[in-house]
Amino acid sequence: MNLIYLNINNQQAGPYDVTAVTEMLSSGQISPETLGWTQGMANWEPINSNTFANLGIQQTPPSAERVSPEAPESVQKQQILFKQVKRTEDTTTSSILDTPGTFKIGQAIGEAFAFYKANALMSTAWFVLAIIIGGIPIVNFIVPLMGVNFYTCVRNFRAFGQKMSLGELFDFSHAFDKIIGPIVVGILIAIGYVFFVIPGIILTFIWAFTPCIQGDKTDISFFNAMKESKRVAKGNYIKIFLLILTLAIFAALGFILLGIGALVTVPVAHVALYCAYDQCKSQ
């Protein structure tokens with residue numbers, strides 16, 4: 001049986017079977033453009049895609065939208081009222097989603113250790129490969145891509161319990177945004193530090209979650225990821241400062257024992273940043 005996860009109001013829901021998804025589509029609880037995912041898919045896709053059609057999901061329009069000219073006047077009024085209520089609910093939900101959540105530093109680090117424990121070999125491999133490839137001219141441009149893909153691995157583990165694999169680090173879909181995004185953010189933050197310092201610190205807080213968002217929403221442009229990071233970071237600047245300071249000290253401690261400890265502390269620090277973002281997003 002195919003179990004399907006849905007992205008409803010930017011939150012993961014499910015899993016549901018094919019019949020349940022079809023009923024939700026028919027009743028208007030979800031739209032044909034709602035994103036879904038099932039085991040074996042590389043990325044999330046709209047429910048009206050061929051992938052889900054092949055699973056047997058019937059692409060029927062919501063029953064609330066089908067107003068028959070011959071229907072009694074009372075029925076038509078009820079259906080119109082239903083639409084108005086639904087629009088009000090959608091507006092309320094949208095305003096709630098525009099309000100960012102928050103995170104707990106200790107919880108984020110604890111969740112990061114849980115990920116590392118389950119994916120120790122591949123997490124270490126990512127860090128080692130990033131160092132090796134980073135020292136090779138021309139080829140080193142894929143290091144930012146590997147970083148974004150690493151966050152996608154974290155997302156898949158947290159959402160679906162899917163363990164990390166080496167091949168996922170070299171997913172070149174949306175490669176331009178995955179490569180250019182972290183580079184652009186890094187350059188802009190560096191300029192802020194060089195010329196004004198304070199703006200550099202502020203930009204660090206605002207765009208801290210940008211690569212995490214790119215890893216979470218793999219089809220998003222790096223520019224939109226920067227805007228989303230700004231929204232999620234709002235109201236969390238002090239916590240982000242404390243988190244980055246804590247993770248920087250933690251990662252640095254890994255280099256004390258001839259750098260061996262860094263094989264643990266650096267991956268854990270990166271995962272903790274994603275976990276903090278995920279906590280904000282989930283709220």
# chains A, B, ... in the order shown; residues from 1 in each chain; ligands from 1

$ residues_around --residues "Ser123 in chain A" --least-positions-apart "4" --cutoff "8 Å" --atoms "only C-alpha atoms" --output "JSON, numbers by chain"
{"A": [116, 119, 127, 164, 267]}

$ select_by_dssp --residues "range 20-263 of chain A" --states "alpha helix (DSSP H)" --output "ChimeraX atom specification"
/A:20-27,50-54,73-97,105-118,120-134,143-160,175-195,198-206,210-216,222-233,237-253,262-263

$ closest_residue --among "A:Asp219, A:Cys275, A:Ile183, A:Gly134" --to "Leu35 in chain A" --atoms "only C-alpha atoms"
A:Asp219

$ atom_distance --atom1 "CA of Val18 in chain A" --atom2 "CA of Gln58 in chain A"
9.1 Å

$ residues_around --residues "Leu247 in chain A" --least-positions-apart "2" --cutoff "9 Å" --atoms "only C-alpha atoms" --output "compact mmCIF listing (two decimals) with C-alpha atoms, in the first residue's frame"
# COMPACT_ATOMS: atom_id res chain seq x y z
CA ILE A 109 21.74 20.34 19.80
CA LEU A 242 23.62 32.52 21.13
CA LEU A 243 23.11 29.44 18.94
CA ILE A 244 25.82 30.44 16.45
CA LEU A 245 28.20 31.34 19.30
CA ILE A 249 32.72 27.09 20.25
CA PHE A 250 31.46 23.52 20.05
CA ALA A 251 32.85 23.03 16.53
CA ALA A 252 36.19 24.60 17.53
CA THR A 265 31.41 18.50 16.21
CA VAL A 266 31.26 20.15 12.77
CA VAL A 268 26.55 18.14 14.62
CA ALA A 269 26.84 21.95 14.58
CA HIS A 270 25.40 22.09 11.04
CA ALA A 272 21.76 21.75 15.05
CA LEU A 273 21.27 24.85 12.89

$ atom_distance --atom1 "CA of Val128 in chain A" --atom2 "CA of Asn140 in chain A"
13.1 Å

$ closest_residue --among "A:Ile30, A:Ala114, A:Ile189, A:Ala175" --to "Gly215 in chain A" --atoms "only C-alpha atoms"
A:Ala175
